[in-house]
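Undergrad: Below you'll find query10.csv; it's CSV, C-alpha atoms.
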chain,number,residue,atom,x,y,z
P,1,MET,CA,-12.2,-2.9,-3.4
P,2,ARG,CA,-12.7,-1.6,-10.5
P,3,ARG,CA,-13.5,0.4,-13.5
P,4,ARG,CA,-14.8,-0.4,-16.9
P,5,THR,CA,-17.7,-2.1,-18.8
P,6,SER,CA,-16.2,-3.2,-16.7
P,7,ALA,CA,-14.6,-1.8,-13.7
P,8,ALA,CA,-15.0,1.8,-14.5
P,9,ALA,CA,-18.8,1.7,-14.7
P,10,ALA,CA,-19.1,-0.6,-11.7
P,11,LEU,CA,-16.9,1.3,-9.3
P,12,THR,CA,-18.2,4.7,-10.3
P,13,ALA,CA,-21.7,3.4,-9.4
P,14,ALA,CA,-20.4,1.5,-6.4
P,15,VAL,CA,-18.0,3.8,-4.6
P,16,LEU,CA,-18.5,7.5,-4.2
P,17,ALA,CA,-15.6,9.6,-3.0
P,18,ALA,CA,-17.1,11.5,-0.1
P,19,VAL,CA,-20.2,11.9,1.9
P,20,GLY,CA,-21.6,15.4,2.2
P,21,THR,CA,-23.7,16.6,5.2
P,22,GLY,CA,-27.4,16.7,4.2
P,23,VAL,CA,-30.9,16.4,5.4
P,24,ILE,CA,-32.3,12.9,5.8
P,25,THR,CA,-34.9,12.2,3.2
P,26,ALA,CA,-38.4,11.1,4.0
P,27,MET,CA,-39.0,7.4,4.6
P,28,PRO,CA,-41.1,5.6,2.0
P,29,SER,CA,-44.7,5.3,3.0
P,30,TYR,CA,-44.6,1.5,2.9
P,31,ALA,CA,-42.7,-0.3,5.6
P,32,ALA,CA,-41.5,-3.8,6.5
P,33,THR,CA,-43.1,-5.4,9.5
P,34,GLY,CA,-39.8,-6.8,10.6
P,35,CYS,CA,-36.1,-6.9,9.8
P,36,ARG,CA,-32.7,-8.1,10.9
P,37,VAL,CA,-29.4,-6.2,10.5
P,38,ALA,CA,-25.9,-7.5,10.6
P,39,TYR,CA,-23.4,-4.6,11.0
P,40,THR,CA,-19.8,-5.8,10.6
P,41,VAL,CA,-16.7,-3.7,11.4
P,42,ALA,CA,-14.6,-5.6,8.9
P,43,ASN,CA,-11.5,-3.4,9.1
P,44,GLN,CA,-10.3,-0.9,11.6
P,45,TRP,CA,-7.1,1.2,11.8
P,46,PRO,CA,-6.1,4.3,13.7
P,47,GLY,CA,-8.8,6.9,12.9
P,48,GLY,CA,-10.6,4.9,10.3
P,49,PHE,CA,-12.7,1.8,9.7
P,50,GLY,CA,-14.5,-0.2,7.0
P,51,ALA,CA,-18.0,-1.7,7.7
P,52,SER,CA,-20.5,-3.8,5.8
P,53,VAL,CA,-24.2,-3.9,6.6
P,54,ALA,CA,-26.6,-6.7,5.6
P,55,VAL,CA,-30.3,-6.1,6.1
P,56,THR,CA,-32.9,-8.9,5.9
P,57,ASN,CA,-36.5,-8.2,5.3
P,58,LEU,CA,-38.6,-10.3,7.7
P,59,GLY,CA,-41.9,-8.8,6.7
P,60,ASP,CA,-44.0,-8.4,3.6
P,61,PRO,CA,-42.1,-7.8,0.3
P,62,ILE,CA,-41.0,-4.2,-0.2
P,63,ASN,CA,-39.9,-2.1,-3.2
P,64,GLY,CA,-37.6,0.6,-2.0
P,65,TRP,CA,-36.0,0.8,1.4
P,66,THR,CA,-34.3,3.2,3.8
P,67,LEU,CA,-32.2,1.9,6.7
P,68,ALA,CA,-31.5,4.5,9.4
P,69,TRP,CA,-29.3,4.5,12.5
P,70,SER,CA,-27.3,6.9,14.7
P,71,PHE,CA,-23.7,6.8,15.6
P,72,SER,CA,-23.0,7.4,19.3
P,73,ALA,CA,-19.3,8.4,19.2
P,74,GLY,CA,-19.0,10.9,16.4
P,75,GLN,CA,-18.2,8.5,13.6
P,76,GLN,CA,-18.4,10.0,10.1
P,77,VAL,CA,-19.0,8.1,6.9
P,78,THR,CA,-16.4,9.0,4.2
P,79,GLN,CA,-17.1,6.6,1.4
P,80,TYR,CA,-19.9,4.2,0.6
P,81,TRP,CA,-21.0,1.7,-2.0
P,82,SER,CA,-24.2,-0.2,-3.1
P,83,THR,CA,-26.3,2.5,-1.4
P,84,ALA,CA,-27.2,6.2,-1.5
P,85,LEU,CA,-26.2,7.5,1.9
P,86,THR,CA,-26.5,10.7,3.7
P,87,GLN,CA,-25.4,11.8,7.2
P,88,SER,CA,-26.6,14.7,9.3
P,89,GLY,CA,-24.8,14.9,12.6
P,90,SER,CA,-25.0,11.5,14.2
P,91,ALA,CA,-27.9,10.3,12.1
P,92,VAL,CA,-27.3,8.2,9.0
P,93,SER,CA,-29.8,7.3,6.3
P,94,ALA,CA,-28.8,4.6,3.7
P,95,ARG,CA,-31.2,4.1,0.8
P,96,ASN,CA,-31.4,1.5,-1.9
P,97,VAL,CA,-29.9,2.1,-5.4
P,98,ASP,CA,-31.5,0.9,-8.6
P,99,TYR,CA,-30.4,-2.7,-8.5
P,100,ASN,CA,-31.2,-3.6,-4.8
P,101,GLY,CA,-34.4,-1.9,-4.0
P,102,SER,CA,-36.7,-4.9,-4.1
P,103,LEU,CA,-36.7,-7.2,-1.0
P,104,ALA,CA,-38.9,-10.2,-0.9
P,105,THR,CA,-39.8,-11.8,2.4
P,106,GLY,CA,-36.7,-13.3,3.8
P,107,ALA,CA,-34.4,-11.6,1.3
P,108,THR,CA,-31.2,-9.9,2.2
P,109,THR,CA,-29.2,-7.1,0.6
P,110,SER,CA,-26.0,-5.6,1.7
P,111,PHE,CA,-23.9,-2.4,1.3
P,112,GLY,CA,-20.7,-1.0,2.7
P,113,PHE,CA,-18.9,2.1,3.7
P,114,ASN,CA,-15.6,3.5,5.1
P,115,GLY,CA,-15.7,5.9,8.0
P,116,SER,CA,-13.6,7.9,10.5
P,117,TRP,CA,-13.6,7.6,14.3
P,118,THR,CA,-11.9,9.1,17.3
P,119,GLY,CA,-11.7,7.7,20.8
P,120,SER,CA,-14.0,4.7,20.2
P,121,ASN,CA,-16.0,3.0,17.5
P,122,PRO,CA,-19.1,1.4,19.0
P,123,VAL,CA,-21.7,-0.4,17.0
P,124,PRO,CA,-25.0,1.4,16.4
P,125,ALA,CA,-27.5,0.4,19.1
P,126,SER,CA,-30.5,0.1,16.8
P,127,PHE,CA,-31.7,0.4,13.2
P,128,THR,CA,-35.0,1.1,11.4
P,129,LEU,CA,-36.1,-0.1,8.0
P,130,ASN,CA,-38.6,2.2,6.4
P,131,GLY,CA,-39.3,3.6,9.8
P,132,VAL,CA,-39.9,0.3,11.5
P,133,ALA,CA,-37.5,-0.9,14.2
P,134,CYS,CA,-35.3,-3.9,13.3
P,135,THR,CA,-35.7,-6.2,16.2
P,136,GLY,CA,-34.4,-9.4,14.5
P,137,GLY,CA,-30.9,-8.8,16.0
P,138,VAL,CA,-27.8,-6.8,15.4
P,139,SER,CA,-24.4,-8.5,15.1
P,140,ASN,CA,-20.8,-7.2,15.2
P,141,PRO,CA,-18.0,-9.8,14.3
P,142,THR,CA,-14.5,-8.9,15.5
P,143,PRO,CA,-12.5,-6.7,13.1
P,144,THR,CA,-9.8,-8.6,11.2
P,145,ARG,CA,-7.4,-5.8,10.3
P,146,THR,CA,-5.5,-3.2,12.3
P,147,ALA,CA,-3.6,-1.2,9.8
P,148,GLY,CA,-4.9,0.5,6.6
P,149,PRO,CA,-8.2,0.2,4.7
P,150,THR,CA,-8.9,-1.9,1.7
P,151,PRO,CA,-11.3,-1.0,-1.1
P,152,SER,CA,-13.5,-3.8,0.1
P,153,PRO,CA,-14.2,-5.2,3.5
P,154,SER,CA,-12.8,-8.6,4.4
P,155,ARG,CA,-13.1,-11.3,7.0
P,156,SER,CA,-10.7,-14.1,8.0
P,157,VAL,CA,-11.7,-17.7,7.7
P,158,THR,CA,-10.1,-20.7,9.5
P,159,PRO,CA,-8.1,-22.8,7.0
P,160,SER,CA,-10.0,-25.9,5.9
P,161,PRO,CA,-9.6,-28.5,3.2
P,162,SER,CA,-11.6,-28.4,0.1
P,163,GLY,CA,-14.2,-31.0,1.2
P,164,GLY,CA,-14.7,-32.1,-2.4
P,165,THR,CA,-16.0,-28.8,-3.8
P,166,PRO,CA,-16.3,-29.3,-7.6
P,167,GLY,CA,-13.3,-27.8,-9.3
P,168,VAL,CA,-11.2,-27.3,-6.1
P,169,PRO,CA,-8.0,-29.4,-6.1
P,170,SER,CA,-8.0,-32.3,-3.6
P,171,ASP,CA,-4.7,-31.0,-2.2
P,172,ALA,CA,-6.0,-27.5,-1.5
P,173,VAL,CA,-5.4,-26.7,2.2
P,174,TRP,CA,-8.1,-24.0,2.2
P,175,SER,CA,-11.2,-23.1,0.3
P,176,ALA,CA,-14.1,-20.7,1.0
P,177,SER,CA,-17.1,-19.2,-0.8
P,178,GLY,CA,-18.0,-16.2,1.4
P,179,GLN,CA,-18.2,-12.8,-0.1
P,180,TRP,CA,-15.2,-11.4,1.8
P,181,ASP,CA,-13.4,-14.5,2.9
P,182,THR,CA,-9.6,-14.3,3.4
P,183,TRP,CA,-6.7,-16.6,4.2
P,184,ASN,CA,-3.2,-15.7,5.5
P,185,ASN,CA,-0.2,-17.7,4.5
P,186,ASN,CA,3.5,-16.9,4.7
P,187,GLY,CA,3.0,-13.2,4.6
P,188,PHE,CA,0.4,-13.3,1.8
P,189,THR,CA,-3.3,-12.8,2.1
P,190,VAL,CA,-5.7,-14.4,-0.4
P,191,TYR,CA,-9.0,-12.5,-0.8
P,192,ASN,CA,-12.3,-13.9,-2.3
P,193,ASN,CA,-13.8,-10.4,-2.6
P,194,ILE,CA,-17.1,-10.6,-4.4
P,195,TRP,CA,-18.4,-7.0,-4.5
P,196,GLY,CA,-20.2,-6.2,-7.8
P,197,SER,CA,-23.9,-6.1,-8.2
P,198,GLY,CA,-25.6,-9.2,-9.7
P,199,ALA,CA,-22.7,-11.5,-8.8
P,200,GLY,CA,-23.1,-15.2,-8.9
P,201,SER,CA,-21.2,-17.9,-6.9
P,202,GLN,CA,-17.5,-18.0,-6.4
P,203,THR,CA,-15.2,-20.3,-4.4
P,204,VAL,CA,-11.6,-19.5,-3.8
P,205,TRP,CA,-9.0,-22.2,-2.9
P,206,ALA,CA,-5.3,-22.2,-2.0
P,207,ARG,CA,-2.3,-24.4,-1.6
P,208,SER,CA,-0.4,-21.3,-0.5
P,209,GLY,CA,-0.6,-17.6,-0.7
P,210,THR,CA,1.2,-17.7,-4.1
P,211,ASN,CA,-0.6,-20.8,-5.6
P,212,TRP,CA,-4.3,-20.4,-5.5
P,213,GLY,CA,-7.4,-20.3,-7.7
P,214,VAL,CA,-11.0,-19.5,-8.2
P,215,ILE,CA,-14.1,-21.4,-9.4
P,216,ALA,CA,-16.5,-18.7,-10.5
P,217,ASN,CA,-19.9,-18.7,-12.0
P,218,HIS,CA,-21.0,-15.1,-12.7
P,219,PRO,CA,-23.7,-13.9,-15.2
P,220,MET,CA,-22.5,-12.3,-18.4
P,221,THR,CA,-23.9,-8.9,-17.5
P,222,SER,CA,-22.2,-5.5,-17.4
P,223,GLY,CA,-20.0,-4.6,-14.5
P,224,VAL,CA,-17.3,-6.2,-12.5
P,225,LYS,CA,-18.5,-8.9,-10.1
P,226,SER,CA,-15.4,-9.8,-8.2
P,227,TYR,CA,-11.6,-9.3,-7.8
P,228,PRO,CA,-10.2,-12.4,-6.1
P,229,HIS,CA,-6.5,-11.6,-5.5
P,230,THR,CA,-3.4,-12.1,-3.3
P,231,VAL,CA,-1.3,-9.4,-1.7
P,232,LYS,CA,1.9,-9.4,0.4
P,233,GLY,CA,1.2,-6.8,3.0
P,234,SER,CA,1.8,-3.1,2.1
P,235,VAL,CA,4.8,-1.7,0.4
P,236,ASN,CA,4.6,1.5,2.4
P,237,ARG,CA,7.4,3.2,0.6
P,238,THR,CA,7.7,6.4,-1.4
P,239,VAL,CA,8.6,6.0,-5.1
P,240,SER,CA,11.9,7.8,-4.6
P,241,SER,CA,12.9,5.5,-1.7
P,242,LEU,CA,12.4,2.3,-3.7
P,243,ALA,CA,15.5,0.7,-5.1
P,244,SER,CA,13.5,-2.1,-6.7
P,245,LEU,CA,9.9,-3.4,-6.9
P,246,THR,CA,9.5,-6.4,-9.1
P,247,SER,CA,7.0,-9.2,-9.5
P,248,SER,CA,6.5,-12.5,-11.5
P,249,PHE,CA,3.4,-14.5,-12.2
P,250,ASN,CA,2.1,-17.5,-14.0
P,251,VAL,CA,-1.7,-18.1,-14.5
P,252,SER,CA,-4.2,-20.3,-16.2
P,253,VAL,CA,-7.4,-18.8,-17.4
P,254,PRO,CA,-10.6,-19.9,-19.3
P,255,SER,CA,-10.9,-19.4,-23.0
P,256,SER,CA,-14.3,-17.6,-22.7
P,257,GLY,CA,-15.9,-15.1,-20.5
P,258,ASP,CA,-15.4,-11.4,-19.5
P,259,TYR,CA,-12.3,-11.0,-17.3
P,260,SER,CA,-8.8,-9.7,-17.0
P,261,THR,CA,-5.6,-10.8,-15.1
P,262,THR,CA,-4.4,-7.6,-13.4
P,263,TYR,CA,-2.1,-6.1,-10.9
P,264,ASP,CA,-4.0,-3.5,-8.8
P,265,ILE,CA,-1.5,-1.1,-7.2
P,266,TRP,CA,-2.6,1.6,-4.7
P,267,ALA,CA,-0.8,4.8,-3.5
P,268,ASN,CA,-1.4,7.6,-1.1
P,269,ASN,CA,-4.1,5.9,0.9
P,270,TRP,CA,-6.2,4.8,-2.1
P,271,ALA,CA,-6.0,8.2,-3.9
P,272,TYR,CA,-4.2,6.6,-6.9
P,273,GLU,CA,-4.8,3.2,-8.6
P,274,VAL,CA,-2.5,1.7,-11.1
P,275,MET,CA,-3.7,-1.3,-13.1
P,276,LEU,CA,-1.4,-3.6,-15.1
P,277,TRP,CA,-3.4,-5.6,-17.5
P,278,MET,CA,-1.4,-8.7,-18.4
P,279,ASN,CA,-4.2,-10.5,-20.3
P,280,TRP,CA,-8.0,-10.0,-20.8
P,281,ASN,CA,-10.9,-11.5,-22.6
P,282,GLY,CA,-14.4,-10.5,-23.7
P,283,ASN,CA,-16.3,-7.3,-22.9
P,284,VAL,CA,-13.9,-5.5,-20.6
P,285,GLY,CA,-11.8,-2.4,-21.0
P,286,PRO,CA,-10.0,0.3,-19.1
P,287,ILE,CA,-11.3,3.6,-17.9
P,288,ALA,CA,-10.0,6.6,-19.9
P,289,GLU,CA,-10.4,10.3,-20.3
P,290,GLN,CA,-11.6,9.9,-23.9
P,291,TYR,CA,-13.7,7.3,-25.8
P,292,ASP,CA,-14.4,6.8,-29.5
P,293,ALA,CA,-16.3,4.2,-31.5
P,294,ASN,CA,-13.7,1.6,-30.6
P,295,GLY,CA,-13.8,2.3,-26.9
P,296,ALA,CA,-11.3,3.8,-24.6
P,297,VAL,CA,-8.6,6.0,-26.2
P,298,PRO,CA,-5.1,5.6,-24.8
P,299,ALA,CA,-3.1,8.6,-23.7
P,300,PHE,CA,0.1,6.9,-24.9
P,301,ARG,CA,0.6,3.9,-27.3
P,302,ASN,CA,3.4,1.3,-27.6
P,303,VAL,CA,5.4,2.5,-24.6
P,304,SER,CA,8.2,0.0,-23.6
P,305,LEU,CA,8.4,0.1,-19.9
P,306,GLY,CA,9.2,-2.4,-17.1
P,307,GLY,CA,9.9,-5.2,-19.5
P,308,HIS,CA,6.7,-4.9,-21.5
P,309,THR,CA,5.1,-2.8,-24.1
P,310,TRP,CA,1.9,-1.0,-23.2
P,311,ASN,CA,-1.0,1.2,-24.3
P,312,ILE,CA,-1.5,3.6,-21.4
P,313,TYR,CA,-4.8,5.1,-20.2
P,314,ARG,CA,-5.6,7.8,-17.7
P,315,GLY,CA,-8.9,8.5,-16.0
P,316,SER,CA,-10.9,8.6,-12.8
P,317,ASN,CA,-13.7,6.4,-11.4
P,318,GLY,CA,-15.1,9.3,-9.3
P,319,ALA,CA,-13.3,8.2,-6.2
P,320,ASN,CA,-9.7,8.0,-7.3
P,321,ALA,CA,-7.4,8.5,-10.3
P,322,VAL,CA,-6.9,5.4,-12.3
P,323,PHE,CA,-3.9,4.7,-14.6
P,324,SER,CA,-4.2,1.6,-16.7
P,325,PHE,CA,-1.4,-0.1,-18.6
P,326,LEU,CA,-2.6,-2.7,-21.1
P,327,ARG,CA,0.0,-5.0,-22.7
P,328,THR,CA,0.0,-4.7,-26.5
P,329,SER,CA,0.1,-8.5,-26.6
P,330,LYS,CA,-1.5,-10.6,-23.9
P,331,THR,CA,0.4,-13.0,-21.7
P,332,ASN,CA,-0.2,-15.6,-19.0
P,333,SER,CA,3.2,-15.4,-17.4
P,334,GLY,CA,6.1,-12.9,-17.0
P,335,THR,CA,8.1,-10.6,-14.8
P,336,VAL,CA,7.4,-6.9,-14.5
P,337,ASP,CA,9.5,-4.1,-13.1
P,338,ILE,CA,6.8,-2.2,-11.2
P,339,ARG,CA,9.2,0.5,-10.0
P,340,ALA,CA,10.0,1.5,-13.5
P,341,ILE,CA,6.2,2.1,-14.1
P,342,MET,CA,6.0,4.1,-10.8
P,343,ASN,CA,8.9,6.3,-11.9
P,344,TRP,CA,7.4,6.8,-15.4
P,345,LEU,CA,4.1,8.1,-13.8
P,346,ARG,CA,6.2,10.5,-11.8
P,347,THR,CA,8.1,11.9,-14.8
P,348,GLN,CA,4.9,12.4,-16.6
P,349,GLY,CA,3.6,14.5,-13.7
P,350,TRP,CA,0.6,12.2,-13.3
P,351,TRP,CA,1.5,11.9,-9.6
P,352,GLY,CA,4.3,13.0,-7.3
P,353,ASP,CA,6.6,11.2,-4.9
P,354,VAL,CA,3.6,9.1,-3.7
P,355,THR,CA,3.7,6.4,-1.0
P,356,VAL,CA,3.0,3.0,-2.6
P,357,GLY,CA,0.6,0.9,-0.6
P,358,GLU,CA,-0.8,-2.5,-1.6
P,359,ALA,CA,0.3,-4.2,-4.8
P,360,GLN,CA,-2.4,-6.7,-5.4
P,361,PHE,CA,-2.6,-9.4,-8.1
P,362,GLY,CA,-5.6,-11.4,-9.3
P,363,PHE,CA,-8.5,-11.8,-11.6
P,364,GLU,CA,-11.1,-9.2,-12.2
P,365,ILE,CA,-14.2,-11.0,-13.4
P,366,SER,CA,-17.2,-9.5,-15.0
P,367,GLY,CA,-18.9,-12.7,-16.3
P,368,THR,CA,-18.2,-16.4,-17.0
P,369,SER,CA,-19.6,-18.9,-19.5
P,370,GLY,CA,-20.9,-21.2,-16.8
P,371,SER,CA,-18.5,-22.4,-14.1
P,372,ALA,CA,-15.0,-21.3,-14.9
P,373,ALA,CA,-11.6,-21.9,-13.3
P,374,PHE,CA,-8.9,-19.3,-12.8
P,375,THR,CA,-5.6,-20.4,-11.4
P,376,ASP,CA,-2.6,-18.5,-10.1
P,377,ASN,CA,0.1,-21.2,-10.6
P,378,SER,CA,2.8,-19.1,-9.1
P,379,PHE,CA,3.4,-15.5,-7.9
P,380,SER,CA,6.2,-13.5,-6.4
P,381,ILE,CA,6.8,-9.9,-5.4
P,382,ALA,CA,9.7,-8.2,-3.7
P,383,TRP,CA,10.9,-4.7,-3.0
P,384,SER,CA,13.8,-2.9,-1.4
How does the structure come out when it is put into structure tokens?

TA:
Amino acid sequence: MRRRTSAAAALTAAVLAAVGTGVITAMPSYAATGCRVAYTVANQWPGGFGASVAVTNLGDPINGWTLAWSFSAGQQVTQYWSTALTQSGSAVSARNVDYNGSLATGATTSFGFNGSWTGSNPVPASFTLNGVACTGGVSNPTPTRTAGPTPSPSRSVTPSPSGGTPGVPSDAVWSASGQWDTWNNNGFTVYNNIWGSGAGSQTVWARSGTNWGVIANHPMTSGVKSYPHTVKGSVNRTVSSLASLTSSFNVSVPSSGDYSTTYDIWANNWAYEVMLWMNWNGNVGPIAEQYDANGAVPAFRNVSLGGHTWNIYRGSNGANAVFSFLRTSKTNSGTVDIRAIMNWLRTQGWWGDVTVGEAQFGFEISGTSGSAAFTDNSFSIAWS
């Protein structure tokens, strides 16, 4: 799926940890005269799933919307983003948030959620927008994952050459510009993942799962817009059972803009997030328990660990604990002993013998000065 002026503020607003049972609020008095809904089960695993919902207003412009539907097989929403959502029994009501309430004629907005299911997970049969039936169609593309959720939905795209897209190398074997586009290669998956509000355009390209890049053009406004990244499956090992977990990287990044080059490591089914900030630029910073006039206050300073020296921050984005390690000097290449960092967190009592899940690596982008290129020249990760 993010945490600062930056990711912290963005994800706190975007992802809420749990959905409480509640009474569906009254529909706004104004209503669209027509609408279309695309309901996509983007990820599904035993007992859980991730979905995205895109709603298009086919009627007069509206300012404030509520999309309602009912689940037919007992599904329950557990997390949601880019919406204010309530569920009562089978009935679900998703309302706009501050930044996506206005829908012009023909305009589309989207939101997402994670949920639980047992037995079956059928698509809702119908939707209403502000009390008016959406008859413009409902779609349900085939799920693309079968094991474990991701913080953001994703969809697979057939590899294709760059086709001359500006900034994309002519020898790229794949490129795509869709919000959740992905590509699998040699055990790695490259994700486009554009998820923040107010995002601009972004094209991801790849020669391989370990040599890829991004051409991004996002406005210089607050909040993370995207996290294009690569990941090699899931580690799926407890900290104590790991004999090693190491990674190397080499990147090229622009000289201006708001961004960071980060590892994003997840544990205990997304309950813990560990961010390793290798370099960063502009108006970005970690989430922390305390802030002063200079920003986030580290819990530890100048800790030598895993081959680097870090300032270390501890906090929460409202959905999960976040531990951020910021190098005291920025670098565009290096090798890091991730296992050493995992063990340090355990000795501090910040977590127990957790199960490490995905160890992602990419660029967290809040804004760019026009079109900007980010390149992962090489990447490796291995564990035993």

Undergrad: Can you pull out every residue within 6 Å of Asp264 of chain P, counting only C-alpha atoms, but drop anything in the same chain fewer than 3 positions away, and send it as number ranges by chain?

TA: P: 274-275, 359-360

Undergrad: Would you save the residues of that selection, restricted to C-alpha atoms, as a short mmCIF file (atom, residue, chain, number, x, y, z; two decimals), keeping the file's coordinate frame?

TA:
data_model
loop_
_atom_site.label_atom_id
_atom_site.label_comp_id
_atom_site.auth_asym_id
_atom_site.auth_seq_id
_atom_site.Cartn_x
_atom_site.Cartn_y
_atom_site.Cartn_z
CA VAL P 274 -2.50 1.70 -11.10
CA MET P 275 -3.70 -1.30 -13.10
CA ALA P 359 0.30 -4.20 -4.80
CA GLN P 360 -2.40 -6.70 -5.40
#

Undergrad: Which distance in Å separates atom CA of Lys232 of chain P and atom CA of Gly282 of chain P, to one decimal?

TA: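 Here the two named atoms are 29.1 Å from each other.
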
Undergrad: So which residues touch segment 215-227 of chain P within 6 Å, counting all atoms listed in the file, skipping near sequence neighbours fewer than 5 positions away, as a list in words?

TA: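 Once the nearby chain positions are removed, what remains is Thr5, Ser6, Ala7, Ala10, Asn193, Ile194, Trp195, Gly196, Ala199, Gly200, Ser201, Gln202, Thr203, Phe363, Glu364, Ile365, Ser366, Gly367, Thr368, Gly370, Ser371, Ala372 and Ala373 of chain P.
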
Undergrad: For a quick check of understanding, using only C-alpha atoms, which of P:Leu103, P:Val253, P:Val97, P:Val190 has the smallest distance to Leu58 of chain P?

TA: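 With only C-alpha atoms as the atom set, the closest residue is P:Leu103.
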
Undergrad: Counting only C-alpha atoms, write as a PyMOL selection string all protein and nucleic acid residues lying at most 8 Å from (-13.2, -10.8, -25.7) in the file's frame.

TA: chain P and resi 256-258+280-284

Undergrad: Name the residues in contact with Gly34 of chain P at a cut-off of 9 Å, using all atoms listed in the file, excluding same-chain residues fewer than 4 positions from it; report them as a PyMOL selection string.

TA: chain P and resi 56-60+129+132-136

Undergrad: Calculated over all atoms listed in the file, which of the candidates P:Ala42, P:Ile265, P:Ala91, P:Ala271 has the smallest distance to Gly233 of chain P?

TA: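 Among the listed residues, P:Ile265 lies closest to Gly233 of chain P.
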
Undergrad: For atom CA of Asn320 of chain P and atom CA of Phe111 of chain P, determine how far apart the two atoms are, in Å to one decimal place.

TA: 19.6 Å

Undergrad: One decimal, Å: what's the distance from atom CA of Val37 of chain P over to atom CA of Ala54 of chain P, could you say?

TA: 5.7 Å

Undergrad: Can you tell me which residues surround Ile341 of chain P at a distance of at most 8 Å, considering all atoms listed in the file, apart from same-chain residues fewer than 3 positions away, and format the answer as an MDAnalysis selection string?

TA: chainID P and resid 305:306 337:338 344:345

Undergrad: Taking 4 positions as the minimum chain separation for residues in the same chain, which residues sit within 12 Å of Ser378 of chain P when counting all atoms listed in the file? Answer as a PDB file with C-alpha atoms, in the coordinates of the input.

TA:
ATOM      1  CA  ALA P 206      -5.300 -22.200  -2.000  1.00  0.00           C
ATOM      2  CA  ARG P 207      -2.300 -24.400  -1.600  1.00  0.00           C
ATOM      3  CA  SER P 208      -0.400 -21.300  -0.500  1.00  0.00           C
ATOM      4  CA  GLY P 209      -0.600 -17.600  -0.700  1.00  0.00           C
ATOM      5  CA  THR P 210       1.200 -17.700  -4.100  1.00  0.00           C
ATOM      6  CA  ASN P 211      -0.600 -20.800  -5.600  1.00  0.00           C
ATOM      7  CA  TRP P 212      -4.300 -20.400  -5.500  1.00  0.00           C
ATOM      8  CA  GLY P 213      -7.400 -20.300  -7.700  1.00  0.00           C
ATOM      9  CA  THR P 230      -3.400 -12.100  -3.300  1.00  0.00           C
ATOM     10  CA  SER P 247       7.000  -9.200  -9.500  1.00  0.00           C
ATOM     11  CA  SER P 248       6.500 -12.500 -11.500  1.00  0.00           C
ATOM     12  CA  PHE P 249       3.400 -14.500 -12.200  1.00  0.00           C
ATOM     13  CA  ASN P 250       2.100 -17.500 -14.000  1.00  0.00           C
ATOM     14  CA  VAL P 251      -1.700 -18.100 -14.500  1.00  0.00           C
ATOM     15  CA  SER P 252      -4.200 -20.300 -16.200  1.00  0.00           C
ATOM     16  CA  ASN P 332      -0.200 -15.600 -19.000  1.00  0.00           C
ATOM     17  CA  SER P 333       3.200 -15.400 -17.400  1.00  0.00           C
ATOM     18  CA  GLY P 334       6.100 -12.900 -17.000  1.00  0.00           C
ATOM     19  CA  THR P 335       8.100 -10.600 -14.800  1.00  0.00           C
ATOM     20  CA  PHE P 361      -2.600  -9.400  -8.100  1.00  0.00           C
ATOM     21  CA  GLY P 362      -5.600 -11.400  -9.300  1.00  0.00           C
TER      22      GLY P 362
END

Undergrad: Using only C-alpha atoms, find the one residue out of P:Thr375, P:Gln87, P:Ser93, P:Ser72 that sits nearest to Trp117 of chain P.

TA: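 Closest residue, counting only C-alpha atoms: P:Ser72.
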
Undergrad: Find the residue from P:Ala94, P:Val204, P:Val356, P:Ala107 that sits nearest to Trp266 of chain P; use only C-alpha atoms when measuring.

TA: P:Val356

Undergrad: Using all atoms listed in the file, can you tell me which of P:Cys35, P:Val55, P:Met342, P:Ile381 comes closest to Ser234 of chain P?

TA: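 Under the stated criterion, the closest residue is P:Ile381.
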
Undergrad: Kindly write segment 240-247 of chain P with N, CA and C atoms to a file, as a PDB file, in the first residue's frame.

TA:
ATOM      1  N   SER P 240      13.674 -15.273  14.239  1.00  0.00           N
ATOM      2  CA  SER P 240      14.609 -16.221  14.852  1.00  0.00           C
ATOM      3  C   SER P 240      15.042 -17.314  13.896  1.00  0.00           C
ATOM      4  N   SER P 241      14.240 -17.591  12.872  1.00  0.00           N
ATOM      5  CA  SER P 241      14.587 -18.671  11.942  1.00  0.00           C
ATOM      6  C   SER P 241      15.443 -18.194  10.781  1.00  0.00           C
ATOM      7  N   LEU P 242      15.678 -16.916  10.676  1.00  0.00           N
ATOM      8  CA  LEU P 242      16.476 -16.374   9.578  1.00  0.00           C
ATOM      9  C   LEU P 242      17.962 -16.468   9.909  1.00  0.00           C
ATOM     10  N   ALA P 243      18.698 -17.165   9.049  1.00  0.00           N
ATOM     11  CA  ALA P 243      20.157 -17.171   9.182  1.00  0.00           C
ATOM     12  C   ALA P 243      20.757 -15.944   8.514  1.00  0.00           C
ATOM     13  N   SER P 244      20.083 -15.432   7.484  1.00  0.00           N
ATOM     14  CA  SER P 244      20.550 -14.232   6.797  1.00  0.00           C
ATOM     15  C   SER P 244      19.385 -13.615   6.035  1.00  0.00           C
ATOM     16  N   LEU P 245      19.450 -12.314   5.849  1.00  0.00           N
ATOM     17  CA  LEU P 245      18.530 -11.563   4.989  1.00  0.00           C
ATOM     18  C   LEU P 245      19.271 -10.299   4.577  1.00  0.00           C
ATOM     19  N   THR P 246      19.788 -10.302   3.359  1.00  0.00           N
ATOM     20  CA  THR P 246      20.602  -9.190   2.887  1.00  0.00           C
ATOM     21  C   THR P 246      20.103  -8.698   1.538  1.00  0.00           C
ATOM     22  N   SER P 247      20.420  -7.453   1.232  1.00  0.00           N
ATOM     23  CA  SER P 247      19.992  -6.867  -0.030  1.00  0.00           C
ATOM     24  C   SER P 247      20.997  -5.820  -0.486  1.00  0.00           C
TER      25      SER P 247
END
